[in-house]
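Engineer: This is query34.cif (mmCIF, C-alpha atoms).
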```
data_coords
loop_
_atom_site.label_atom_id
_atom_site.label_comp_id
_atom_site.auth_asym_id
_atom_site.auth_seq_id
_atom_site.Cartn_x
_atom_site.Cartn_y
_atom_site.Cartn_z
CA MET D 16 92.06 92.62 122.94
CA ILE D 17 92.94 89.45 124.96
CA PHE D 18 95.69 88.28 122.62
CA PHE D 19 97.77 91.48 122.79
CA PRO D 20 98.39 91.35 126.60
CA LEU D 21 99.18 87.60 126.35
CA LEU D 22 101.77 88.25 123.64
CA MET D 23 103.33 90.95 125.77
CA LEU D 24 103.41 88.69 128.83
CA PHE D 25 105.14 85.86 127.00
CA THR D 26 107.70 88.31 125.62
CA LEU D 27 108.80 89.28 129.11
CA HIS D 28 109.97 85.78 130.10
CA ASN D 29 112.85 85.94 127.62
CA ASP D 30 114.30 89.20 128.85
CA LEU D 31 117.71 89.37 130.53
CA PHE D 32 119.46 92.31 132.18
CA LEU D 33 120.35 95.42 130.20
CA LYS D 34 123.95 96.56 130.53
CA VAL D 35 124.24 100.32 130.89
CA GLU D 36 126.90 102.76 131.89
CA PRO D 37 127.14 103.33 135.67
CA LEU D 38 124.84 106.11 136.85
CA ARG D 39 124.32 107.88 140.15
CA GLU D 40 122.32 105.90 142.70
CA ASP D 41 119.45 108.40 142.63
CA VAL D 42 119.13 108.63 138.86
CA PHE D 43 116.07 106.41 138.52
CA THR D 44 114.42 107.21 141.86
CA ASN D 45 114.20 111.01 141.68
CA LYS D 46 112.57 113.24 139.12
CA ILE D 47 115.24 113.32 136.45
CA TRP D 48 115.45 115.83 133.67
CA LEU D 49 116.71 115.68 130.12
CA ASP D 50 119.32 118.32 129.45
CA PRO D 51 117.89 120.19 126.43
CA ILE D 52 121.42 120.52 125.07
CA GLY D 53 121.84 116.74 125.03
CA THR D 54 124.93 114.70 125.83
CA GLN D 55 127.38 113.79 123.11
CA GLY D 56 130.84 112.29 123.10
CA GLU D 57 132.29 109.53 125.28
CA ASN D 58 128.99 108.06 126.48
CA GLU D 59 127.12 108.43 123.23
CA GLY D 60 124.76 105.49 122.87
CA ALA D 61 124.46 104.85 126.61
CA ILE D 62 121.63 105.93 128.87
CA HIS D 63 122.47 109.57 129.42
CA ASP D 64 123.43 111.31 132.64
CA TRP D 65 120.33 113.24 133.68
CA VAL D 66 120.43 115.95 136.33
CA VAL D 67 117.89 116.56 139.09
CA ASN D 68 116.12 119.91 138.88
CA PRO D 69 115.42 121.00 142.48
CA ASP D 70 113.20 123.93 141.41
CA THR D 71 110.73 121.94 139.37
CA LEU D 72 106.99 122.54 139.67
CA SER D 73 104.80 119.81 141.09
CA TYR D 74 103.10 117.63 138.51
CA ASP D 75 99.72 119.20 139.26
CA ASP D 76 101.19 122.68 138.81
CA ALA D 77 102.82 121.61 135.55
CA LYS D 78 99.44 120.40 134.26
CA THR D 79 97.76 123.62 135.34
CA ASN D 80 100.42 125.66 133.56
CA ILE D 81 99.82 123.69 130.37
CA GLY D 82 96.13 124.61 130.50
CA GLU D 83 97.08 128.27 130.74
CA LEU D 84 99.65 127.80 127.98
CA ARG D 85 97.03 126.43 125.60
CA LYS D 86 94.70 129.36 126.23
CA ASN D 87 97.53 131.83 125.72
CA LEU D 88 98.75 130.17 122.53
CA GLY D 89 95.21 130.00 121.15
CA GLU D 90 94.73 133.72 121.68
CA ARG D 91 98.13 134.60 120.19
CA PHE D 92 97.40 132.35 117.19
CA ARG D 93 94.06 134.07 116.55
CA GLN D 94 95.81 137.43 116.68
CA GLY D 95 98.56 136.30 114.29
CA GLN D 96 101.29 136.63 116.92
CA ILE D 97 102.47 133.02 116.65
CA SER D 98 102.56 130.49 113.81
CA MET D 99 101.38 126.90 113.91
CA GLU D 100 105.04 125.85 113.84
CA GLY D 101 105.60 127.87 116.98
CA ILE D 102 102.66 126.16 118.67
CA LYS D 103 104.00 122.73 117.69
CA ASN D 104 107.35 123.61 119.24
CA GLU D 105 105.70 124.85 122.46
CA PHE D 106 103.63 121.66 122.68
CA THR D 107 106.69 119.44 122.25
CA THR D 108 108.84 121.39 124.69
CA HIS D 109 106.25 121.33 127.45
CA LEU D 110 105.51 117.63 126.99
CA VAL D 111 109.13 116.47 126.73
CA ASP D 112 110.78 118.85 129.20
CA GLY D 113 107.86 119.82 131.43
CA LEU D 114 105.62 116.78 132.00
CA ILE D 115 107.47 113.60 131.05
CA PRO D 116 110.50 114.09 133.37
CA HIS D 117 108.22 113.79 136.40
CA TRP D 118 107.62 110.19 135.35
CA TYR D 119 111.25 109.07 135.15
CA GLY D 120 111.85 106.32 137.68
CA THR D 121 108.17 105.35 138.00
CA PRO D 122 108.18 101.52 138.14
CA TRP D 123 106.88 99.50 135.22
CA SER D 124 104.20 96.85 135.69
CA PHE D 125 102.29 94.90 133.05
CA GLY D 126 99.00 95.96 134.64
CA GLY D 127 100.19 99.32 135.99
CA HIS D 128 97.93 102.29 135.34
CA THR D 129 98.77 104.90 137.96
CA ALA D 130 97.91 108.48 137.06
CA ILE D 131 100.44 109.95 139.50
CA PRO D 132 104.20 109.89 138.79
CA ASN D 133 106.24 107.76 141.20
CA GLN D 134 103.12 106.59 143.01
CA GLY D 135 102.23 103.09 141.93
CA LYS D 136 103.30 101.47 138.66
CA ILE D 137 102.62 102.10 134.99
CA ALA D 138 102.59 100.00 131.83
CA CYS D 139 103.98 101.27 128.55
CA GLY D 140 100.59 102.06 126.98
CA TYR D 141 99.33 103.87 130.06
CA PHE D 142 102.50 105.95 130.21
CA ILE D 143 101.77 107.25 126.70
CA SER D 144 98.05 107.78 127.16
CA THR D 145 98.38 109.40 130.59
CA THR D 146 101.07 111.88 129.60
CA LEU D 147 99.19 112.87 126.44
CA ARG D 148 95.97 113.32 128.40
CA ASP D 149 97.78 115.36 131.04
CA MET D 150 99.32 117.45 128.26
CA GLY D 151 95.72 118.42 127.49
CA LEU D 152 94.79 116.13 124.62
CA LYS D 153 91.14 115.17 124.94
CA LEU D 154 91.28 111.38 124.98
CA ASN D 155 90.27 108.36 127.03
CA ARG D 156 93.53 107.09 128.49
CA TYR D 157 92.09 103.63 129.19
CA LYS D 158 90.84 103.09 125.64
CA LEU D 159 94.10 104.32 124.11
CA ALA D 160 96.33 102.28 126.43
CA GLN D 161 94.43 99.07 125.75
CA LYS D 162 94.86 99.26 121.99
CA SER D 163 97.50 97.30 120.09
CA PRO D 164 100.57 99.35 119.06
CA LEU D 165 99.29 99.69 115.48
CA ASP D 166 95.78 100.67 116.55
CA GLU D 167 97.26 103.16 119.01
CA ALA D 168 99.33 104.62 116.18
CA MET D 169 96.20 104.93 114.05
CA ALA D 170 94.30 106.69 116.82
CA LEU D 171 97.07 109.23 117.40
CA SER D 172 97.67 109.79 113.69
CA CYS D 173 94.27 111.53 113.30
CA GLY D 174 94.43 110.40 109.69
CA SER D 175 98.01 111.48 109.04
CA GLU D 176 100.60 109.07 107.64
CA ILE D 177 101.79 106.09 109.67
CA TYR D 178 105.33 105.01 108.81
CA SER D 179 106.02 101.29 109.08
CA VAL D 180 109.55 99.93 109.17
CA GLU D 181 110.29 96.21 108.91
CA GLN D 182 113.93 95.16 108.94
CA GLU D 183 115.66 92.05 110.32
CA ASP D 184 118.93 93.98 110.54
CA HIS D 185 118.70 96.49 113.39
CA ASP D 186 121.34 98.81 111.97
CA MET D 187 119.27 99.08 108.81
CA ALA D 188 116.09 99.53 110.86
CA PHE D 189 117.74 102.34 112.79
CA GLU D 190 118.95 104.05 109.61
CA GLU D 191 115.47 103.85 108.07
CA ILE D 192 113.84 105.28 111.20
CA ASP D 193 116.46 108.01 111.29
CA SER D 194 115.75 108.90 107.66
CA LEU D 195 111.98 109.08 108.27
CA THR D 196 112.18 111.42 111.24
CA GLN D 197 113.02 115.05 111.85
CA GLU D 198 113.65 116.99 115.05
CA GLY D 199 110.71 116.42 117.36
CA LEU D 200 108.58 113.80 119.09
CA TYR D 201 106.94 110.68 117.67
CA PHE D 202 104.88 107.75 118.87
CA ILE D 203 106.62 104.43 118.21
CA GLY D 204 104.91 101.04 118.31
CA PHE D 205 107.03 97.91 118.48
CA ASP D 206 105.13 95.33 116.40
CA THR D 207 102.51 93.90 118.80
CA GLY D 208 104.52 94.10 122.02
CA HIS D 209 105.50 97.59 123.21
CA VAL D 210 105.01 101.34 122.75
CA GLY D 211 106.89 104.50 123.62
CA TYR D 212 107.89 107.96 122.49
CA LEU D 213 110.66 108.48 119.96
CA LEU D 214 112.45 111.80 120.38
CA LYS D 215 114.90 113.23 117.88
CA ARG D 216 116.93 116.00 119.48
CA LYS D 217 120.07 117.52 117.96
CA GLY D 218 120.12 114.67 115.47
CA GLU D 219 120.12 111.93 118.11
CA LEU D 220 117.28 109.44 118.55
CA PHE D 221 116.01 108.68 122.06
CA LEU D 222 113.44 106.18 123.26
CA ILE D 223 111.24 107.41 126.14
CA HIS D 224 109.13 104.59 127.55
CA SER D 225 107.98 102.57 130.52
CA ASN D 226 110.67 99.94 130.16
CA TYR D 227 109.91 96.32 131.08
CA LEU D 228 113.65 95.62 131.03
CA ILE D 229 116.24 97.11 133.39
CA PRO D 230 115.66 99.66 134.92
CA ILE D 231 112.04 98.33 134.85
CA SER D 232 110.73 101.87 135.03
CA VAL D 233 110.04 104.92 132.92
CA CYS D 234 113.34 106.02 131.40
CA ILE D 235 114.97 107.64 128.40
CA GLU D 236 117.76 105.95 126.48
CA SER D 237 119.49 105.95 123.13
CA LEU D 238 117.24 104.16 120.62
CA LYS D 239 120.13 102.47 118.85
CA ASP D 240 121.37 100.68 121.96
CA ALA D 241 118.02 100.11 123.67
CA ARG D 242 117.54 96.41 124.25
CA VAL D 243 113.81 96.73 123.60
CA PHE D 244 114.59 98.08 120.13
CA LYS D 245 116.79 95.07 119.40
CA LYS D 246 114.01 92.63 120.31
CA PHE D 247 111.73 93.73 117.46
CA THR D 248 111.93 93.91 113.68
CA LYS D 249 108.71 95.82 112.92
CA PHE D 250 107.97 99.38 114.02
CA HIS D 251 105.12 101.87 113.55
CA LEU D 252 105.87 105.60 113.69
CA VAL D 253 103.43 108.50 114.01
CA ASP D 254 104.50 112.13 114.14
CA ILE D 255 103.34 114.00 117.22
CA SER D 256 105.31 117.25 117.04
CA HIS D 257 104.50 117.95 113.40
CA ASN D 258 101.02 116.40 113.25
CA GLU D 259 98.97 119.51 112.51
CA ILE D 260 95.59 117.81 112.97
CA LEU D 261 96.58 116.47 116.39
CA ILE D 262 98.02 119.82 117.52
CA GLN D 263 94.94 121.66 116.24
CA ARG D 264 92.73 119.34 118.29
CA TRP D 265 94.88 120.08 121.33
CA LEU D 266 94.71 123.82 120.70
CA ASN D 267 90.93 123.75 120.16
CA ASN D 268 90.29 121.22 122.96
CA THR D 269 88.45 118.86 120.61
CA GLN D 270 88.20 115.08 120.92
CA VAL D 271 91.04 112.79 119.81
CA LEU D 272 89.69 109.52 121.20
#
```
Represent the structure of the file as structure tokens.

Structural biologist:
Amino acid sequence: MIFFPLLMLFTLHNDLFLKVEPLREDVFTNKIWLDPIGTQGENEGAIHDWVVNPDTLSYDDAKTNIGELRKNLGERFRQGQISMEGIKNEFTTHLVDGLIPHWYGTPWSFGGHTAIPNQGKIACGYFISTTLRDMGLKLNRYKLAQKSPLDEAMALSCGSEIYSVEQEDHDMAFEEIDSLTQEGLYFIGFDTGHVGYLLKRKGELFLIHSNYLIPISVCIESLKDARVFKKFTKFHLVDISHNEILIQRWLNNTQVL
């Protein structure tokens, strides 16, 4: 447990600035929201242009709504009105588009563990464990955040397959990750040094994480051009969206960790 934080700390000293396309001044300081349609074309591969949603619910309200959602989905599932695939889609949509955007712009810190978006700082592991807990998964966010990336992947897998990719060439690593994933959300562990969410939407891969490089905050960026991605050669992937055991535990409010 002591060696993992030390490895992470030494990694940070070698990091330089990340070049990104110019964005509005407020893009990392406000609640910023991923356009569900995505952004393709001229700026493909850059950090995307997110728009502020002025009508968003508060984070507490969003969490409360998720609790009601789970009860509603559970009842509809028991009555045969919705399939497990439909529940997986609802889970993913509410996590990616309902909860996570509140966190964009929250500053990164190696020891950060705030539970409130944009109040205090948050490390990469705590960003994952806190958002999953607030999505309603029954887990100890401290225990999960303090695990190594591989152990965190194992905990979230609930016994399902963990995909490991090891490639010195990052283009080949990207192609392999692309081939292993389908539309939806994944956990991604970067060897022993970093964790985040991997989102595939409309065929494009995004990294959602508390970034220790510029902008040094929670952000979403193209995986292929993310500087964090280029610093590692070994990756661990666990399906979240299509992990039936994990989603069943969420639906039934049973323990994950």

Engineer: Apply the PyMOL selection byres ((chain D and resi 248-255) around 6) to the file shown and report the selected residues as a count of residues only.

Structural biologist: 19

Engineer: Do you know which residues are at most 10 Å from Phe92 (chain D) counting all atoms listed in the file, after dropping those on the same chain fewer than 5 positions away, and could you put them as a PyMOL selection string?

Structural biologist: chain D and resi 86-87+97-99+101-102+266

Engineer: Let me make sure I understand: among D:Val233, D:Trp265, D:Asn155, D:Asn226, which one has the smallest atom-to-atom distance to Ile81 (chain D) if we use only C-alpha atoms?

Structural biologist: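 Smallest separation from Ile81 (chain D) among the options: D:Trp265.
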
Engineer: Go through the shown structure with the PyMOL selection byres ((chain D and resi 138) around 6) and write out the matching residues as a list of chain:residue names.

Structural biologist: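 Selected by the PyMOL selection byres ((chain D and resi 138) around 6) in this file: D:Trp123, D:Ser124, D:Phe125, D:Gly127, D:Ile137, D:Cys139, D:Gly140, D:Tyr141.
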
Engineer: For a test of reading the model, state the distance in Å between CA of Lys215 (chain D) and CA of Leu171 (chain D), rounded to one decimal.

Structural biologist: 18.3 Å

Engineer: Could you list as a list of chain:residue names every residue that has an atom within 12 Å of (108.5, 121.8, 126.4), using the file's coordinates and counting all atoms listed in the file?

Structural biologist: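 Nearby residues: D:Trp48, D:Leu49, D:Asp50, D:Pro51, D:Ala77, D:Asn80, D:Ile81, D:Leu84, D:Gly101, D:Ile102, D:Lys103, D:Asn104, D:Glu105, D:Phe106, D:Thr107, D:Thr108, D:His109, D:Leu110, D:Val111, D:Asp112, D:Gly113, D:Leu114, D:Ile115, D:Pro116, D:Met150, D:Gly199, D:Leu200, D:Ser256.
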
Engineer: For a quick check of understanding, using all atoms listed in the file, which of D:Asp76, D:Lys246, D:Ser232, D:Met169 has the smallest distance to Gln134 (chain D)?

Structural biologist: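 Closest to Gln134 (chain D), using all atoms listed in the file: D:Ser232.
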
Engineer: For the structure provided, state which residues fall under the PyMOL selection byres ((chain D and resi 218) around 10), and present them as a PDB file with C-alpha atoms, keeping the file's coordinate frame.

Structural biologist:
```pdb
ATOM      1  CA  GLY D  53     121.840 116.740 125.030  1.00  0.00           C
ATOM      2  CA  ASP D 193     116.460 108.010 111.290  1.00  0.00           C
ATOM      3  CA  THR D 196     112.180 111.420 111.240  1.00  0.00           C
ATOM      4  CA  GLN D 197     113.020 115.050 111.850  1.00  0.00           C
ATOM      5  CA  GLU D 198     113.650 116.990 115.050  1.00  0.00           C
ATOM      6  CA  GLY D 199     110.710 116.420 117.360  1.00  0.00           C
ATOM      7  CA  LEU D 214     112.450 111.800 120.380  1.00  0.00           C
ATOM      8  CA  LYS D 215     114.900 113.230 117.880  1.00  0.00           C
ATOM      9  CA  ARG D 216     116.930 116.000 119.480  1.00  0.00           C
ATOM     10  CA  LYS D 217     120.070 117.520 117.960  1.00  0.00           C
ATOM     11  CA  GLU D 219     120.120 111.930 118.110  1.00  0.00           C
ATOM     12  CA  LEU D 220     117.280 109.440 118.550  1.00  0.00           C
ATOM     13  CA  PHE D 221     116.010 108.680 122.060  1.00  0.00           C
TER      14      PHE D 221
END
```

Engineer: Mind giving me the straight-line distance from CA of Glu167 (chain D) to CA of Glu100 (chain D) in Å, one decimal?

Structural biologist: 24.5 Å

Engineer: Looking at all atoms listed in the file, which of D:Val243, D:Ile131, D:Gly126, D:Gly95 is the one that sits closest to Ser73 (chain D)?

Structural biologist: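 Closest candidate: D:Ile131.
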
Engineer: Rank D:Phe142, D:Gly211, D:Thr269, D:Gln96 by their smallest atom-to-atom distance to Pro122 (chain D), using all atoms listed in the file, and report the top residue only.

Structural biologist: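 Distance minimum relative to Pro122 (chain D) lands on D:Phe142.
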
Engineer: Could you work out how far CA of Lys239 (chain D) lies from CA of Ile223 (chain D), giving the answer in Å with one decimal?

Structural biologist: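 Interatomic distance, CA of Ile223 (chain D) to CA of Lys239 (chain D): 12.5 Å.
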
Engineer: I'd like to know which of D:Leu213, D:Leu159, D:Leu147, D:Glu236 is closest to Ile192 (chain D), using only C-alpha atoms.

Structural biologist: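 So, comparing all the options, the nearest one is D:Leu213.
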
Engineer: Determine the nearest neighbour of Pro132 (chain D) from the options D:Ile231, D:Asp75, D:Arg85, D:Gln263, counting all atoms listed in the file.

Structural biologist: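 Ranking D:Ile231, D:Asp75, D:Arg85, D:Gln263 by distance to Pro132 (chain D), first place goes to D:Asp75.
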